[in-house]
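Visitor: protein-v1.cif (mmCIF, C-alpha atoms) pasted underneath:
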```cif
data_work
#
loop_
_atom_site.label_atom_id
_atom_site.label_comp_id
_atom_site.auth_asym_id
_atom_site.auth_seq_id
_atom_site.Cartn_x
_atom_site.Cartn_y
_atom_site.Cartn_z
CA MET A 1001 -12.64 9.14 12.39
CA ILE A 1002 -11.47 10.39 9.02
CA ILE A 1003 -11.92 8.24 5.91
CA ASN A 1004 -9.83 9.41 2.96
CA GLU A 1005 -9.36 7.63 -0.35
CA TYR A 1006 -6.16 8.71 -2.05
CA ARG A 1007 -5.95 7.93 -5.75
CA VAL A 1008 -2.40 7.99 -7.08
CA ILE A 1009 -2.02 7.76 -10.86
CA ASN A 1010 1.34 6.38 -12.00
CA ASN A 1011 3.15 6.22 -15.35
CA CYS A 1012 3.90 2.49 -15.18
CA THR A 1013 2.12 -0.86 -15.39
CA ARG A 1014 0.63 -2.61 -12.38
CA ASP A 1015 3.27 -5.35 -12.59
CA GLU A 1016 6.06 -2.76 -12.71
CA TYR A 1017 4.59 -0.94 -9.74
CA GLN A 1018 4.83 -4.07 -7.58
CA VAL A 1019 8.62 -3.97 -7.90
CA ALA A 1020 8.83 -0.17 -7.85
CA GLN A 1021 6.84 0.09 -4.61
CA LEU A 1022 9.00 -2.43 -2.77
CA TYR A 1023 12.20 -0.82 -4.05
CA ALA A 1024 11.07 2.68 -3.03
CA THR A 1025 9.89 1.44 0.38
CA ALA A 1026 13.34 -0.01 1.11
CA LEU A 1027 15.12 3.21 0.12
CA ALA A 1028 12.64 5.46 1.92
CA SER A 1029 13.11 3.43 5.12
CA LYS A 1030 16.84 4.15 5.04
CA GLU A 1031 16.13 7.84 4.40
CA GLN A 1032 13.98 8.00 7.56
CA THR A 1033 16.39 6.16 9.87
CA GLY A 1034 19.15 7.54 12.08
CA GLY A 1035 19.88 9.21 15.41
CA GLY A 1036 18.17 6.49 17.46
CA GLU A 1037 14.98 6.71 15.42
CA GLY A 1038 13.55 5.20 12.28
CA VAL A 1039 12.42 1.83 10.99
CA GLU A 1040 13.12 -1.59 12.49
CA VAL A 1041 12.05 -4.54 10.32
CA VAL A 1042 11.09 -7.34 12.72
CA LYS A 1043 9.50 -9.78 10.26
CA ASN A 1044 9.41 -10.08 6.49
CA GLU A 1045 8.06 -13.47 5.43
CA PRO A 1046 5.52 -15.20 3.17
CA TYR A 1047 2.05 -15.83 4.59
CA GLU A 1048 -1.10 -17.75 3.68
CA LYS A 1049 -4.57 -16.94 5.01
CA GLY A 1050 -7.22 -19.10 3.37
CA ASP A 1051 -7.01 -18.46 -0.36
CA GLU A 1052 -4.92 -15.33 0.20
CA LYS A 1053 -1.15 -15.57 -0.22
CA GLY A 1054 1.44 -12.83 0.01
CA GLN A 1055 4.23 -11.24 2.03
CA TYR A 1056 3.77 -10.29 5.70
CA THR A 1057 5.87 -7.59 7.33
CA TYR A 1058 6.01 -6.36 10.91
CA LYS A 1059 7.89 -3.13 11.53
CA ILE A 1060 8.49 -0.81 14.47
CA PHE A 1061 8.70 2.91 13.76
CA ARG A 1062 10.64 4.74 16.47
CA LEU A 1063 9.56 8.31 15.84
CA ALA A 1064 9.71 10.26 19.11
CA SER A 1065 11.05 13.53 17.66
CA ARG A 1066 8.63 13.37 14.71
CA VAL A 1067 5.45 13.10 16.77
CA PRO A 1068 3.59 16.46 17.04
CA SER A 1069 4.35 18.38 20.22
CA VAL A 1070 0.77 18.24 21.51
CA VAL A 1071 0.88 14.42 21.39
CA ARG A 1072 4.34 14.25 22.98
CA SER A 1073 3.01 16.36 25.84
CA ILE A 1074 0.33 13.82 26.79
CA LEU A 1075 2.12 10.52 26.17
CA PRO A 1076 4.86 9.19 28.47
CA THR A 1077 8.43 8.72 27.30
CA GLY A 1078 8.77 5.41 25.48
CA ALA A 1079 5.14 5.37 24.36
CA LEU A 1080 5.69 7.00 20.97
CA ASP A 1081 6.62 3.95 18.89
CA LEU A 1082 4.28 2.82 16.11
CA TYR A 1083 3.79 -0.83 15.23
CA GLU A 1084 2.98 -1.68 11.62
CA GLU A 1085 1.62 -4.93 10.30
CA ALA A 1086 1.18 -5.30 6.55
CA TRP A 1087 -0.24 -8.06 4.39
CA ASN A 1088 0.86 -7.63 0.79
CA ALA A 1089 -1.25 -9.95 -1.38
CA TYR A 1090 -0.60 -7.86 -4.46
CA PRO A 1091 -2.56 -6.30 -6.15
CA TYR A 1092 -4.42 -5.99 -2.82
CA CYS A 1093 -2.59 -4.84 0.32
CA LYS A 1094 -3.64 -4.02 3.88
CA THR A 1095 -1.60 -2.12 6.47
CA VAL A 1096 -2.42 -1.50 10.14
CA LEU A 1097 -0.57 1.03 12.31
CA LYS A 1098 -1.10 1.03 16.09
CA ASN A 1099 0.50 2.38 19.26
CA GLY A 1100 1.09 0.16 22.28
CA TYR A 1101 0.16 2.86 24.81
CA MET A 1102 -3.07 4.08 23.17
CA LYS A 1103 -4.18 0.59 22.10
CA GLU A 1104 -7.71 0.70 20.58
CA TYR A 1105 -7.85 4.51 20.86
CA PHE A 1106 -5.46 5.05 17.95
CA SER A 1107 -5.13 3.41 14.57
CA ILE A 1108 -4.33 4.12 10.95
CA VAL A 1109 -5.62 1.38 8.67
CA TYR A 1110 -5.25 1.50 4.95
CA GLU A 1111 -6.28 -0.85 2.22
CA THR A 1112 -4.85 -0.51 -1.27
CA LEU A 1113 -5.94 -1.91 -4.60
CA HIS A 1114 -3.67 -1.47 -7.60
CA VAL A 1115 -5.59 -1.27 -10.87
CA ASN A 1116 -3.94 -1.54 -14.27
CA ASN A 1117 -4.94 0.82 -17.11
CA SER A 1118 -6.86 2.99 -14.62
CA ARG A 1119 -6.71 6.79 -14.40
CA GLY A 1120 -8.44 7.15 -11.05
CA GLU A 1121 -11.99 6.69 -12.36
CA VAL A 1122 -13.11 3.60 -10.37
CA TYR A 1123 -15.90 4.74 -8.04
CA ASN A 1124 -15.59 2.12 -5.30
CA ALA A 1125 -12.48 0.08 -6.00
CA LEU A 1126 -12.32 -1.43 -2.51
CA ASN A 1127 -16.06 -2.23 -2.23
CA ILE A 1128 -16.65 -0.31 0.99
CA SER A 1129 -20.08 -0.01 2.60
CA ASP A 1130 -22.63 2.66 1.73
CA GLU A 1131 -22.12 4.11 5.22
CA ASP A 1132 -18.38 4.52 4.68
CA LEU A 1133 -18.94 5.88 1.16
CA LYS A 1134 -20.94 8.75 2.68
CA LYS A 1135 -17.99 9.64 4.94
CA ARG A 1136 -15.26 9.11 2.34
CA ASN A 1137 -13.23 12.01 0.99
CA ILE A 1138 -11.65 11.40 -2.43
CA ILE A 1139 -8.22 12.96 -2.97
CA ILE A 1140 -6.50 12.71 -6.35
CA ILE A 1141 -2.73 12.95 -6.02
CA ASP A 1142 -0.90 14.46 -9.00
CA VAL A 1143 2.78 13.73 -8.37
CA ALA A 1144 3.91 16.30 -10.93
CA ASN A 1145 1.60 19.27 -10.37
CA ASP A 1146 0.36 19.15 -6.77
CA LYS A 1147 1.74 21.78 -4.43
CA PHE A 1148 4.85 20.39 -2.75
CA GLU A 1149 6.61 22.15 0.10
CA SER A 1150 9.99 23.59 -0.79
CA LYS A 1151 11.71 22.05 2.25
CA TYR A 1152 11.12 18.58 0.77
CA TYR A 1153 11.89 19.53 -2.83
CA LYS A 1154 14.82 17.94 -4.68
CA PRO A 1155 15.33 18.57 -8.43
CA GLU A 1156 16.35 14.93 -8.90
CA GLU A 1157 12.96 13.89 -7.45
CA ASP A 1158 10.86 16.23 -9.60
CA PRO A 1159 8.68 14.29 -12.11
CA LYS A 1160 8.42 17.43 -14.25
CA LEU A 1161 12.19 17.28 -14.80
CA PHE A 1162 12.97 13.56 -14.83
CA LYS A 1163 13.23 11.56 -18.04
CA SER A 1164 13.88 7.84 -17.85
CA VAL A 1165 16.79 6.59 -19.94
CA LYS A 1166 15.63 2.97 -19.76
CA THR A 1167 11.94 3.52 -20.61
CA GLY A 1168 11.77 6.94 -22.27
CA ARG A 1169 9.02 7.99 -19.83
CA GLY A 1170 8.81 11.55 -18.58
CA PRO A 1171 9.20 14.31 -17.96
CA LEU A 1172 5.63 14.73 -16.67
CA ASN A 1173 5.50 18.41 -17.63
CA ASN A 1174 2.16 18.32 -19.46
CA PRO A 1175 -0.68 19.49 -17.17
CA ASP A 1176 -2.83 16.67 -18.61
CA TRP A 1177 -0.24 13.91 -18.25
CA LYS A 1178 -2.62 11.80 -16.12
CA GLU A 1179 -5.05 11.56 -19.05
CA THR A 1180 -2.44 10.89 -21.74
CA CYS A 1181 0.50 8.94 -20.29
CA GLU A 1182 1.14 5.33 -21.25
CA PRO A 1183 1.45 2.92 -19.57
CA VAL A 1184 -0.78 3.86 -16.63
CA MET A 1185 -2.13 2.40 -13.39
CA THR A 1186 -3.74 3.77 -10.23
CA CYS A 1187 -3.23 3.01 -6.55
CA TYR A 1188 -6.53 3.31 -4.70
CA LYS A 1189 -5.54 3.85 -1.06
CA LEU A 1190 -8.42 3.88 1.43
CA VAL A 1191 -7.21 5.24 4.78
CA TYR A 1192 -9.09 5.12 8.09
CA ILE A 1193 -7.59 7.47 10.70
CA GLU A 1194 -8.76 7.36 14.31
CA PHE A 1195 -7.36 9.12 17.39
CA LYS A 1196 -9.74 9.02 20.37
CA TRP A 1197 -8.62 11.65 22.87
CA PHE A 1198 -11.08 14.21 24.16
CA GLY A 1199 -10.24 17.77 23.23
CA ILE A 1200 -7.64 17.07 20.55
CA GLN A 1201 -9.17 14.25 18.46
CA SER A 1202 -10.16 16.39 15.48
CA LYS A 1203 -6.89 18.33 15.49
CA VAL A 1204 -4.69 15.24 15.62
CA GLU A 1205 -6.72 13.32 13.04
CA SER A 1206 -6.46 16.26 10.64
CA TYR A 1207 -2.72 16.44 11.26
CA LEU A 1208 -2.36 12.72 10.56
CA ALA A 1209 -4.39 13.00 7.34
CA LYS A 1210 -2.18 15.86 6.16
CA THR A 1211 0.95 13.86 7.00
CA VAL A 1212 -0.32 10.78 5.13
CA HIS A 1213 -1.05 12.97 2.09
CA THR A 1214 2.47 14.43 2.19
CA LEU A 1215 4.06 11.00 2.58
CA PHE A 1216 2.08 9.48 -0.30
CA THR A 1217 2.98 12.42 -2.56
CA LYS A 1218 6.68 12.34 -1.67
CA PHE A 1219 6.87 8.55 -2.01
CA HIS A 1220 5.32 8.46 -5.47
CA ARG A 1221 7.41 11.37 -6.73
CA GLN A 1222 10.47 9.37 -5.69
CA LEU A 1223 9.08 6.16 -7.17
CA PHE A 1224 8.72 7.73 -10.61
CA CYS A 1225 12.09 9.49 -10.52
CA TRP A 1226 13.80 6.25 -9.44
CA THR A 1227 12.44 4.39 -12.51
CA ASP A 1228 15.90 3.71 -13.92
CA LYS A 1229 16.95 2.18 -10.58
CA TRP A 1230 14.10 -0.34 -10.20
CA TYR A 1231 13.17 -0.97 -13.85
CA GLY A 1232 14.17 -4.51 -14.85
CA MET A 1233 14.46 -5.81 -11.27
CA THR A 1234 12.66 -9.02 -10.29
CA ILE A 1235 10.89 -9.90 -7.03
CA ASP A 1236 13.90 -12.09 -6.17
CA ASP A 1237 16.13 -9.04 -6.63
CA ILE A 1238 13.84 -7.09 -4.31
CA ARG A 1239 13.97 -9.77 -1.58
CA GLN A 1240 17.77 -9.60 -1.66
CA LEU A 1241 17.59 -5.80 -1.45
CA GLU A 1242 15.21 -6.06 1.53
CA LEU A 1243 17.63 -8.37 3.38
CA LYS A 1244 20.49 -5.94 2.83
CA THR A 1245 18.27 -2.99 3.80
CA LYS A 1246 17.33 -4.67 7.10
CA MET A 1247 21.02 -5.09 7.96
CA ASP A 1248 21.71 -1.48 6.98
CA LEU A 1249 18.78 -0.21 9.07
CA ASP A 1250 19.88 -2.19 12.13
CA ALA A 1251 23.32 -0.56 11.87
CA GLN A 1252 22.08 2.89 10.89
CA ILE A 1253 19.33 3.49 13.46
CA ASN A 1254 21.75 4.64 16.18
CA GLN A 1255 23.94 6.76 13.92
CA GLY A 1256 23.69 10.46 13.11
CA GLU A 1257 20.85 12.81 14.03
CA PRO A 1258 17.10 12.09 14.13
CA VAL A 1259 15.25 12.88 10.91
CA LYS A 1260 13.21 16.07 11.08
CA PRO A 1261 9.41 15.72 11.35
CA ILE A 1262 7.21 16.00 8.26
CA GLU A 1263 4.86 18.52 9.88
CA ASP A 1264 3.74 19.83 13.27
CA LEU A 1265 0.34 20.88 14.49
#
```
Would you mind giving the structure from this file in structure tokens?

Guide:
Amino acid sequence: MIINEYRVINNCTRDEYQVAQLYATALASKEQTGGGEGVEVVKNEPYEKGDEKGQYTYKIFRLASRVPSVVRSILPTGALDLYEEAWNAYPYCKTVLKNGYMKEYFSIVYETLHVNNSRGEVYNALNISDEDLKKRNIIIIDVANDKFESKYYKPEEDPKLFKSVKTGRGPLNNPDWKETCEPVMTCYKLVYIEFKWFGIQSKVESYLAKTVHTLFTKFHRQLFCWTDKWYGMTIDDIRQLELKTKMDLDAQINQGEPVKPIEDL
């Protein structure tokens, strides 16, 4: 098992990020859907669990062509879908990804805490055990300055080039922007990655960790550069957007060509 804690510093408030994250998730889902593959939103509804209240989502990710070749070679056709359950009790969120064929032998579980006025300095934001702390790897994601592969690069999604008309934020072209930007908040994303398969466990888990890192970086670059699209929206606006996105995804999933994989082993 790999335990990575990704700390993503963002030039927005925690309340703004709640809307921004949901907006970017909806748009990113459409970007990853087509050619018989992509995201199917099965449930998106309020939930209550004791004192915890939030939004529950259940999604199916049909990703056959994006699974690494070594995994495709050992799993039967039709066994490559991922099932995601998420409990968004903002500012705390938990997401669980599983595979129906591998059952308890595969999982990606991540817990996120969103902390206002934080620059990635909280030592143990999610209060994990001493045992897990010893295994944890801390990874600071700098959306402006981290190395980003050219095949994913778009000038309009470059935080070093984008300046928000509505807020005046950006461009993030100062190497020390994480220490100086206002407003600021940090997403503390604790990710547990487990793939139990003799002979390839370490290789696949490392691949998955690299893919998660790439996805988090790409997502938060987009989130910042889409500021003028989500800024000023309300949660009610987002729920309407999510309903429309679900209809669009249902129509779009069987159109066009499959989206190319993020990485391969």

Visitor: Would you kindly return, as an mmCIF file with C-alpha atoms, keeping the file's coordinate frame, each protein, DNA or RNA residue with an atom no farther than 12 Å from any atom of A:Glu1149, considering all atoms listed in the file and excluding same-chain residues fewer than 2 positions away?

Guide:
```cif
data_model
loop_
_atom_site.group_PDB
_atom_site.id
_atom_site.type_symbol
_atom_site.label_atom_id
_atom_site.label_comp_id
_atom_site.auth_asym_id
_atom_site.auth_seq_id
_atom_site.Cartn_x
_atom_site.Cartn_y
_atom_site.Cartn_z
ATOM 1 C CA ASN A 1145 1.600 19.270 -10.370
ATOM 2 C CA ASP A 1146 0.360 19.150 -6.770
ATOM 3 C CA LYS A 1147 1.740 21.780 -4.430
ATOM 4 C CA LYS A 1151 11.710 22.050 2.250
ATOM 5 C CA TYR A 1152 11.120 18.580 0.770
ATOM 6 C CA TYR A 1153 11.890 19.530 -2.830
ATOM 7 C CA LYS A 1154 14.820 17.940 -4.680
ATOM 8 C CA THR A 1214 2.470 14.430 2.190
ATOM 9 C CA LEU A 1215 4.060 11.000 2.580
ATOM 10 C CA THR A 1217 2.980 12.420 -2.560
ATOM 11 C CA LYS A 1218 6.680 12.340 -1.670
ATOM 12 C CA ILE A 1262 7.210 16.000 8.260
ATOM 13 C CA GLU A 1263 4.860 18.520 9.880
#
```

Visitor: Quick one: axis-aligned box around all listed atoms of stretch 1097-1107 of chain A, 4 Å on every side, centre and edge lengths in Å to one decimal, written as lines of an AutoDock Vina configuration file.

Guide:
```
center_x = -3.4
center_y = 2.6
center_z = 18.6
size_x = 16.9
size_y = 12.9
size_z = 20.5
```

Visitor: Here's the selection I'm unsure about, the PyMOL selection byres ((chain A and resi 1098-1115) around 7); applied to the file above, which residues does it give, as a PyMOL selection string?

Guide: chain A and resi 1014+1079+1081-1084+1091-1097+1116-1118+1125-1126+1185-1196

Visitor: Quote the spacing between atom CA of A:Leu1223 and atom CA of A:Arg1239 in Å to one decimal place.

Guide: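 Going from atom CA of A:Leu1223 over to atom CA of A:Arg1239 covers 17.6 Å.
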
Visitor: What does the structure give for the distance between atom CA of A:Lys1160 and atom CA of A:Pro1175, in Å to one decimal?

Guide: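 Interatomic distance, atom CA of A:Lys1160 to atom CA of A:Pro1175: 9.8 Å.
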
Visitor: Would you list the contacts of A:Val1165 as a list in words, taking every protein, DNA or RNA residue within 12 Å and counting all atoms listed in the file, but skipping same-chain residues closer than 5 positions in sequence?

Guide: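 Neighbouring residues, sequence-local ones excluded: Gly1170, Pro1171, Cys1225, Trp1226, Thr1227, Asp1228, Lys1229 and Tyr1231 of chain A.
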
Visitor: Taking (12.4, -9.1, 1.3) as a centre in this file's frame and 10 Å as the limit, can you find every polymer residue with an atom that close, using all atoms listed in the file, and give them as a ChimeraX atom specification?

Guide: /A:1022-1023,1026,1043-1046,1055-1057,1235-1246

Visitor: Taking the file as shown, find all residues satisfying the PyMOL selection byres ((chain A and resi 1158) around 9) and write them as a ChimeraX atom specification.

Guide: /A:1143-1144,1153-1157,1159-1162,1171-1172,1221-1222,1224-1225

Visitor: Would you work out the distance separating atom CA of A:Ile1128 from atom CA of A:Ile1009, expressed in Å to one decimal?

Guide: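 Straight-line distance from atom CA of A:Ile1128 to atom CA of A:Ile1009 works out to 20.5 Å.
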
Visitor: Residues near A:Arg1136, anyone? I mean within 9 Å using all atoms listed in the file, not counting same-chain ones fewer than 3 positions away, as an MDAnalysis selection string.

Guide: chainID A and resid 1002:1005 1131:1133 1190

Visitor: Could you save those same residues with C-alpha atoms as a PDB file, in the frame of the given file?

Guide:
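Wrote it out as again_8.pdb, contents follow:
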```pdb
ATOM      1  CA  ILE A1002     -11.470  10.390   9.020  1.00  0.00           C
ATOM      2  CA  ILE A1003     -11.920   8.240   5.910  1.00  0.00           C
ATOM      3  CA  ASN A1004      -9.830   9.410   2.960  1.00  0.00           C
ATOM      4  CA  GLU A1005      -9.360   7.630  -0.350  1.00  0.00           C
ATOM      5  CA  GLU A1131     -22.120   4.110   5.220  1.00  0.00           C
ATOM      6  CA  ASP A1132     -18.380   4.520   4.680  1.00  0.00           C
ATOM      7  CA  LEU A1133     -18.940   5.880   1.160  1.00  0.00           C
ATOM      8  CA  LEU A1190      -8.420   3.880   1.430  1.00  0.00           C
TER       9      LEU A1190
END
```

Visitor: Might you spell out which residues the PyMOL selection byres ((chain A and resi 1011) around 8) would select in the displayed file, as a ChimeraX atom specification?

Guide: /A:1009-1010,1012-1013,1169,1181-1185,1224

Visitor: Using only C-alpha atoms, determine which residues lie at most 7 Å from A:Ala1089, disregarding the query and same-chain residues fewer than 6 positions distant; provide the list as a PyMOL selection string.

Guide: chain A and resi 1052-1055

Visitor: I need the residue nearest A:Ala1020 from this list: A:Ser1150, A:Thr1234, A:Thr1180, A:Asn1173. Use all atoms listed in the file for the distance.

Guide: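 The answer is A:Thr1234, which sits nearest to A:Ala1020.
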
Visitor: So, counting only C-alpha atoms, which residue among A:Ala1028, A:Ser1202, A:Ile1060, A:Val1122 is closest to A:Glu1040?

Guide: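 Between A:Ala1028, A:Ser1202, A:Ile1060, A:Val1122, the residue approaching A:Glu1040 most closely is A:Ile1060.
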
Visitor: So which one's closest to A:Lys1059, A:Ile1140, A:Ser1029, A:Pro1076, A:Asn1088? Using only C-alpha atoms, please.

Guide: A:Ser1029

Visitor: Go through A:Glu1048, A:Thr1211, A:Lys1030, A:Val1008 and flag the residue nearest A:Ile1141, using all atoms listed in the file for the distances.

Guide: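 For A:Ile1141, the nearest of the candidates is A:Val1008.
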